Amino acid sequence: MAKFFVNGEQVDFRAAPDTPLLWALRDQLGLTGTKFGCGMAQCGACTVHLDGQPIRSCVTPVSAIEGKRVVTIEGLGHTTQAKVAHAVQAAWVDKDVVQCGYCQSGQVMSAVALLRENPKPTDADIDKAMAGNICRCGTYQRVREAIHAAAANLKKA
Amino acid sequence: MNLKSSSRRRFFKSSSALAGALVIGFVLPDGRGRFEARAQPQAKTPIPPNAFVRVGKDGSVTVLVKHLEFGQGVNTSLPMMVAEELDCDWSKVRGELAPAGPEYAHTGFGMQMTGGSSSVWNSYEQMRTAGAQARLMLMQAAASQWKVKVDQVKTSKGYVIGPGGRKLSYGQLVDAAAKLPVPDKVTLKKASDFTVIGKPTRRLDSMDKVTGKAQFGLDVKRPDLHTAVVAHAPVFGAKVRGFSADAVKAVPGVTHVIETSHGVAVVATNFWSAKKGRDALKVDWDLGPVASVSTEGLRAQYAQAAQTPPAEAKLARKSDQPDAMKGAARTLVAQYEVPFLAHAPMEPLNCTVEVRGDGAELWVGSQFQTVDQAAAAKVLGLQPSQVKLNTMLAGGGFGRRANPVSDYVVEACEIAKKAKVPVKTVWTREDDIRGGFYRPMYVHRVEAGLDGNGALTAWNHVIVGSSIVGGTPFEAMMVKEGIDPTSVEGVADTPYAIPNMQVRLVTTQPGVPVLWWRSVGHSHTAFVMETMIDELAAAAKKDPVAYRRELLAKNPKMLGVLELAASKSGWGSPLPAGRARGIAVHESFGSACAQVAEVSVVDNEIRVHRVVAAFDCGLVVNPMTVEAQVQSAIAYGLSAALYGQVTLKDGQVQQSNFHDYRVLRIPEMPRVEVYLVPGGEKPTGVGEPGTPPIAPAVANAVFALNGKRLRTLPLNVA
């Protein structure tokens, strides 16, 4: 049994300890905002924050996160990162970034982590931080624009 | 496919009250589309209260969207059409995906489907009419209450306004309006009076998609829902000879092991158990004939057929003078090859099925609701009307969710039927990349005849590859005289004024399942046509834009985008050292798109820095969506142009996931500028026409940069 925290609540996970966090979130906890895209840390659709750092939940077994704190897209707006999260989500809506939307939970999680570390990223910073998040609709250009816009709005606030 | 929908206007028959809402109901016309005529007859049950527009007592407006929303924005653009005529408060409008139902059939194709870049144009009159009818009924209800004539009332943003400034909200009028008959005749606004259509409008579904609330097919939750993961054949067409499930049953959570028509499914209480169970399964396969197929072998076979077309080659375009080539001063011959391509949508394929005593319910992000519903019914031994198909948001599709043989839906139904529990069948990424239904591999051979001045005198073109619709229920209605139009579109009907053009098609059957992939035939024909035209421009010592201008002199639409792209890109102006531009222009799905790509080559890798796209898609409903779709189409096409290929060795697909089926990532995304040609009268296709020009534009830019002609996709400069 693994114990960890998801969006501030303690989870006692009783299924197989090799279960990837992604599937614990989706199947056992019903948190389907975190998406399955590749299962091998290639696409970033499953990005969550583990003790504040963006990780790929599809390759992270629950046995490896004992006692740690997980934040998913559902909990992002209720954490200490809420201000950054709301700025990112508002910029995403304003720039009309999403298309199919399937990868966007992961894009938002990565973008929030980036802006927390680097409040004024350049295009090159963005490309580096977001390179692990694939979008087959090709919303990349607007992802860049939205991150710049969120950064600018956070600076103003 | 025909674009005529005018005769379908008359069929708005009834309205009914549904949960305190005004519902505009529609039923299908008698003259069904071509598919409908072939499908099993629907059971004669009463038409359920399906509708396009629901006005709630709170003034909310829900538009039932008959198409799949998978990124292209129909969940916003179709509501915009309704809102234009309904004159409601846009902040109270939302889109809801309609389930499968005959009343939601495509007005041009006669079945419910999303494809061919047709969602907007086929809904354009239908949705506006629905909005206008609802508005008129609300006006009639108010007029009757005020005892005035209907022409004495008007509307404004969700209110009916009468003489003396009397005012009632749409919500207040819903009950009375719902009792009225649906008007036969409504007058639609002139385009010059539009206030919603044509205005840049943000998507209605963004907030749900950035907060994790949006529900995709994979997110469906049901009581006692199980998950199935399937061991598919390692070689297409292989059959299960036997299997050992001993190790599978030892995996906690596994509940069933079920043989299906094309594999063995492991069902469990959760995905991870099902996946571990599937990995522990030992299947003995009878591999069959495809085990000897390899890309290398197909390449040789296709090239041979292109050089010496066999007797069964079909004539897709007949030259006025078949001997014209003999009179040419010189000829230019080029051979092209494009690979199999997986669609690789972000959301892996999935389908949830619940079988009950009296019928079944499906949840699936389907592009082909009518086909999938019928296929599910057949597997489950039901009538289509007994199968409720809920259209879920799909995480991309690009054609993969529009399968005439409903592969993954049939599989999910087979599993749920045998498991006797609700089951969500989930494909892994490996299942998706290796599971077939690819854009077919093709080889083209072009021989162009030139006169002494380098002008074109003849064009002989051979296309070799497999048919997308051959062997499917669509074959009978689409294949004419042995020619699948999707194999030759973009060549046989080229808008270029090419003299004495002959096009032959050799249809192959390599045993690899194929399917339409964003822009279908144009995904390869534009590459061939536009790089060949570029080559001919160079042979004639003419500027690539000037050369195209001459051959397109009688085509204002193509010429318009060509000139626009050239001027906006600064065509001909100097670039920094190590960079070059290339241009391509192509017409597809009724729209014309020209693109100028600016590239460099670093460490044998092509970098695309900027793409300028000029696009003519007729009347623009939502400029924000159109711009996004062109950006998207370019990114999708660029993935394929630079990296995309599925190859086979000993019948096995050699790629499996994003590490070896590379796709475009953010560092590789060029700056894309989109310029729309204004002033169209009717909408034409949007989702796909931006894809075809990008590969040739990039290839032509590489030629401009280093003089190297690239005739194989993905482009390789090494």
# chains A, B, ... in the order shown; residues from 1 in each chain; ligands from 1

$ closest_atom_pairs --of "chain B" --to "chain A" --cutoff "6 Å" --atoms "only C-alpha atoms" --output "Markdown table"
| residue | atom | partner | partner_atom | distance |
| --- | --- | --- | --- | --- |
| B:Phe70 | CA | A:Cys100 | CA | 4.7 |
| B:Gly71 | CA | A:Cys100 | CA | 3.4 |
| B:Arg202 | CA | A:Asp96 | CA | 5.9 |
| B:Ser206 | CA | A:Val93 | CA | 5.6 |
| B:Lys209 | CA | A:Gly101 | CA | 5.4 |
| B:Val210 | CA | A:Ser105 | CA | 5.7 |
| B:Thr211 | CA | A:Ile73 | CA | 6.0 |
| B:Gly212 | CA | A:Gly33 | CA | 3.9 |
| B:Asp219 | CA | A:Thr32 | CA | 5.7 |
| B:Met346 | CA | A:Gly37 | CA | 5.7 |
| B:Glu347 | CA | A:Gly37 | CA | 5.9 |
| B:Gly395 | CA | A:Tyr102 | CA | 4.8 |
| B:Gly396 | CA | A:Cys100 | CA | 5.7 |
| B:Arg429 | CA | A:Cys38 | CA | 5.1 |
| B:Ser632 | CA | A:Gly138 | CA | 4.7 |
| B:Ala635 | CA | A:Gly138 | CA | 5.1 |
| B:Arg665 | CA | A:Ile134 | CA | 5.7 |
| B:Ile666 | CA | A:Tyr140 | CA | 5.4 |
| B:Pro667 | CA | A:Asp127 | CA | 4.9 |

$ residues_around --residues "A:Gly67" --least-positions-apart "3" --cutoff "12 Å" --atoms "only C-alpha atoms" --output "number ranges by chain"
A: 1-6, 8-13, 50-51, 62-64, 70

$ write_last_selection --atoms "C-alpha atoms" --output "PDB file, in the first residue's frame"
ATOM      1  CA  MET A   1       0.000   0.000   0.000  1.00  0.00           C
ATOM      2  CA  ALA A   2       1.254   3.432  -0.939  1.00  0.00           C
ATOM      3  CA  LYS A   3       0.299   6.649   0.818  1.00  0.00           C
ATOM      4  CA  PHE A   4       0.567   9.986  -0.918  1.00  0.00           C
ATOM      5  CA  PHE A   5      -1.348  13.217  -1.317  1.00  0.00           C
ATOM      6  CA  VAL A   6      -3.387  14.270  -4.318  1.00  0.00           C
ATOM      7  CA  GLY A   8      -4.095  18.116  -0.714  1.00  0.00           C
ATOM      8  CA  GLU A   9      -5.938  14.939   0.238  1.00  0.00           C
ATOM      9  CA  GLN A  10      -4.274  11.809   1.530  1.00  0.00           C
ATOM     10  CA  VAL A  11      -4.622   8.724  -0.635  1.00  0.00           C
ATOM     11  CA  ASP A  12      -4.148   5.171   0.627  1.00  0.00           C
ATOM     12  CA  PHE A  13      -3.549   3.277  -2.563  1.00  0.00           C
ATOM     13  CA  LEU A  50       5.057  16.084  -7.804  1.00  0.00           C
ATOM     14  CA  ASP A  51       6.278  18.143  -4.874  1.00  0.00           C
ATOM     15  CA  VAL A  62       2.814   4.894  -7.073  1.00  0.00           C
ATOM     16  CA  SER A  63       5.482   3.011  -5.088  1.00  0.00           C
ATOM     17  CA  ALA A  64       7.909   5.804  -5.963  1.00  0.00           C
ATOM     18  CA  VAL A  70       0.718  15.390  -6.272  1.00  0.00           C
TER      19      VAL A  70
END

$ residues_around --residues "stretch 480-496 of chain B" --least-positions-apart "5" --cutoff "10 Å" --atoms "only C-alpha atoms" --output "VMD selection string"
chain B and resid 1 312 to 318 440 442 461 to 470 475 501 to 507 516 519 to 529 533 548 to 555 557 to 558 586 to 588 692

$ residues_around --residues "B:Ile606" --least-positions-apart "6" --cutoff "9 Å" --atoms "only C-alpha atoms" --output "ChimeraX atom specification"
/B:599-600,642,698,702,715-717

$ select_by_dssp --residues "stretch 374-489 of chain B" --states "strand (DSSP E)" --output "VMD selection string"
chain B and resid 387 to 391 423 to 426 442 to 450 456 to 466

$ select_by_dssp --residues "stretch 51-141 of chain A" --states "alpha helix (DSSP H)" --output "PyMOL selection string"
chain A and resi 82-94+104-117+123-130+140-141

$ closest_residue --among "A:Leu25, A:Ala151, A:Ile55, A:Glu145" --to "A:Glu117" --atoms "only C-alpha atoms"
A:Ala151

$ atom_distance --atom1 "atom CA of B:Leu225" --atom2 "atom CA of B:Pro422"
5.0 Å

$ atom_distance --atom1 "atom CA of B:Val545" --atom2 "atom CA of B:Val446"
21.0 Å

$ atom_distance --atom1 "atom CA of B:Ser294" --atom2 "atom CA of B:Gln652"
8.0 Å
